[in-house]
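Below is one structure, written out as structure tokens; the observations come after it.
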Amino acid sequence: MAKTYLFDHPVHALSSTSTRHGITSRDLLVATPQQLIALPKRLLDPRRPVVPKGGKVNGDEKAEGLLAYDPVIPDERKWTLSHVNEVLLLLLLSPNKLCLVFVSRLAC
């Protein structure tokens, strides 16, 4: 099962969040040239149903927390971890882990 998505920013690196005990929801970390964005994993779930325009997700899918499929990932500012600060340097620890330490220029 696969789905295709469109994202309006150039992507420099991808990783996912994790916690020590795995009790929180996971996000996909996306590093763009100037920002660090955390996309909710459920937004990228390949099981998201294709719903006709004006239709709604059925009860079983809604109970599982599935959203209707939309190929365009919305540009929600609340997902931007770096907020109004521009990321100047993003360090990679390994090919599959993105370091959360980044240098930013503070807006004064």
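A note on labels: chains of the structure tokens are A, B, ... as shown, every chain counts residues from 1, and ligands are counted from 1 in their shown order.
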
Practice task
May I have the residues within 7 Å of A:Thr32 as a PyMOL selection string, using only C-alpha atoms and disregarding those fewer than 2 positions away in the same chain?
Solution key: chain A and resi 9-12+30+34-36

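Neighbours of stretch 47-58 of chain A closer than or equal to 12 Å, with only C-alpha atoms counted and sequence neighbours fewer than 6 positions away skipped, come out as Met1, Ala2, Lys3, Thr4, Tyr5, Lys41, Glu64, Gly65, Leu66, Leu67, Ala68, Tyr69, Asp70 and Pro71 of chain A.
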
Problem - Near-A:Thr24 list (12 Å; only C-alpha atoms; drop same-chain fewer than 6 positions) as a PyMOL selection string - result: chain A and resi 17-18+40-41

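Comparing A:Asp45, A:Asp60, A:Asp8, A:Asp27 by their smallest distance to A:Asp75, the closest is A:Asp8 (using only C-alpha atoms).
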
Backbone DSSP call of helix (DSSP H, G or I) for stretch 12-101 of chain A, listed as a short mmCIF file (atom, residue, chain, number, x, y, z; two decimals) with N, CA and C atoms, in the first residue's frame:
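Result written to selection-v1.cif:
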data_model
loop_
_atom_site.label_atom_id
_atom_site.label_comp_id
_atom_site.auth_asym_id
_atom_site.auth_seq_id
_atom_site.Cartn_x
_atom_site.Cartn_y
_atom_site.Cartn_z
N LYS A 41 2.76 11.94 11.98
CA LYS A 41 2.87 10.70 11.22
C LYS A 41 1.53 10.26 10.66
N ARG A 42 0.45 10.53 11.37
CA ARG A 42 -0.87 10.10 10.88
C ARG A 42 -1.26 10.83 9.61
N LEU A 43 -0.63 11.98 9.35
CA LEU A 43 -0.86 12.71 8.11
C LEU A 43 -0.32 11.94 6.91
N LEU A 44 0.69 11.10 7.14
CA LEU A 44 1.33 10.35 6.06
C LEU A 44 0.96 8.87 6.06
N GLY A 59 -17.21 5.51 9.80
CA GLY A 59 -17.07 5.34 11.25
C GLY A 59 -15.86 4.54 11.69
N ASP A 60 -15.59 3.39 11.01
CA ASP A 60 -14.45 2.55 11.39
C ASP A 60 -13.13 3.28 11.18
N GLU A 61 -13.01 3.95 10.04
CA GLU A 61 -11.78 4.69 9.75
C GLU A 61 -11.61 5.88 10.70
N LYS A 62 -12.71 6.52 11.04
CA LYS A 62 -12.66 7.64 11.97
C LYS A 62 -12.25 7.16 13.36
N ALA A 63 -12.73 5.97 13.77
CA ALA A 63 -12.37 5.41 15.07
C ALA A 63 -10.87 5.11 15.15
N ARG A 77 1.83 26.40 9.93
CA ARG A 77 2.91 27.04 10.67
C ARG A 77 3.10 26.43 12.06
N LYS A 78 2.05 25.83 12.62
CA LYS A 78 2.17 25.24 13.96
C LYS A 78 3.09 24.02 13.97
N TRP A 79 3.40 23.46 12.81
CA TRP A 79 4.30 22.30 12.74
C TRP A 79 5.76 22.72 12.61
#

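Coordinates place atom CA of A:Ile23 at a distance of 29.0 Å from atom CA of A:Leu6.
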
Exercise for the section: Provide the atom CA of A:Phe7 to atom CA of A:Ile73 distance in Å, to one decimal place. Expected result: 5.5 Å

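Between atom CA of A:Glu76 and atom CA of A:His21 the separation is 28.0 Å.
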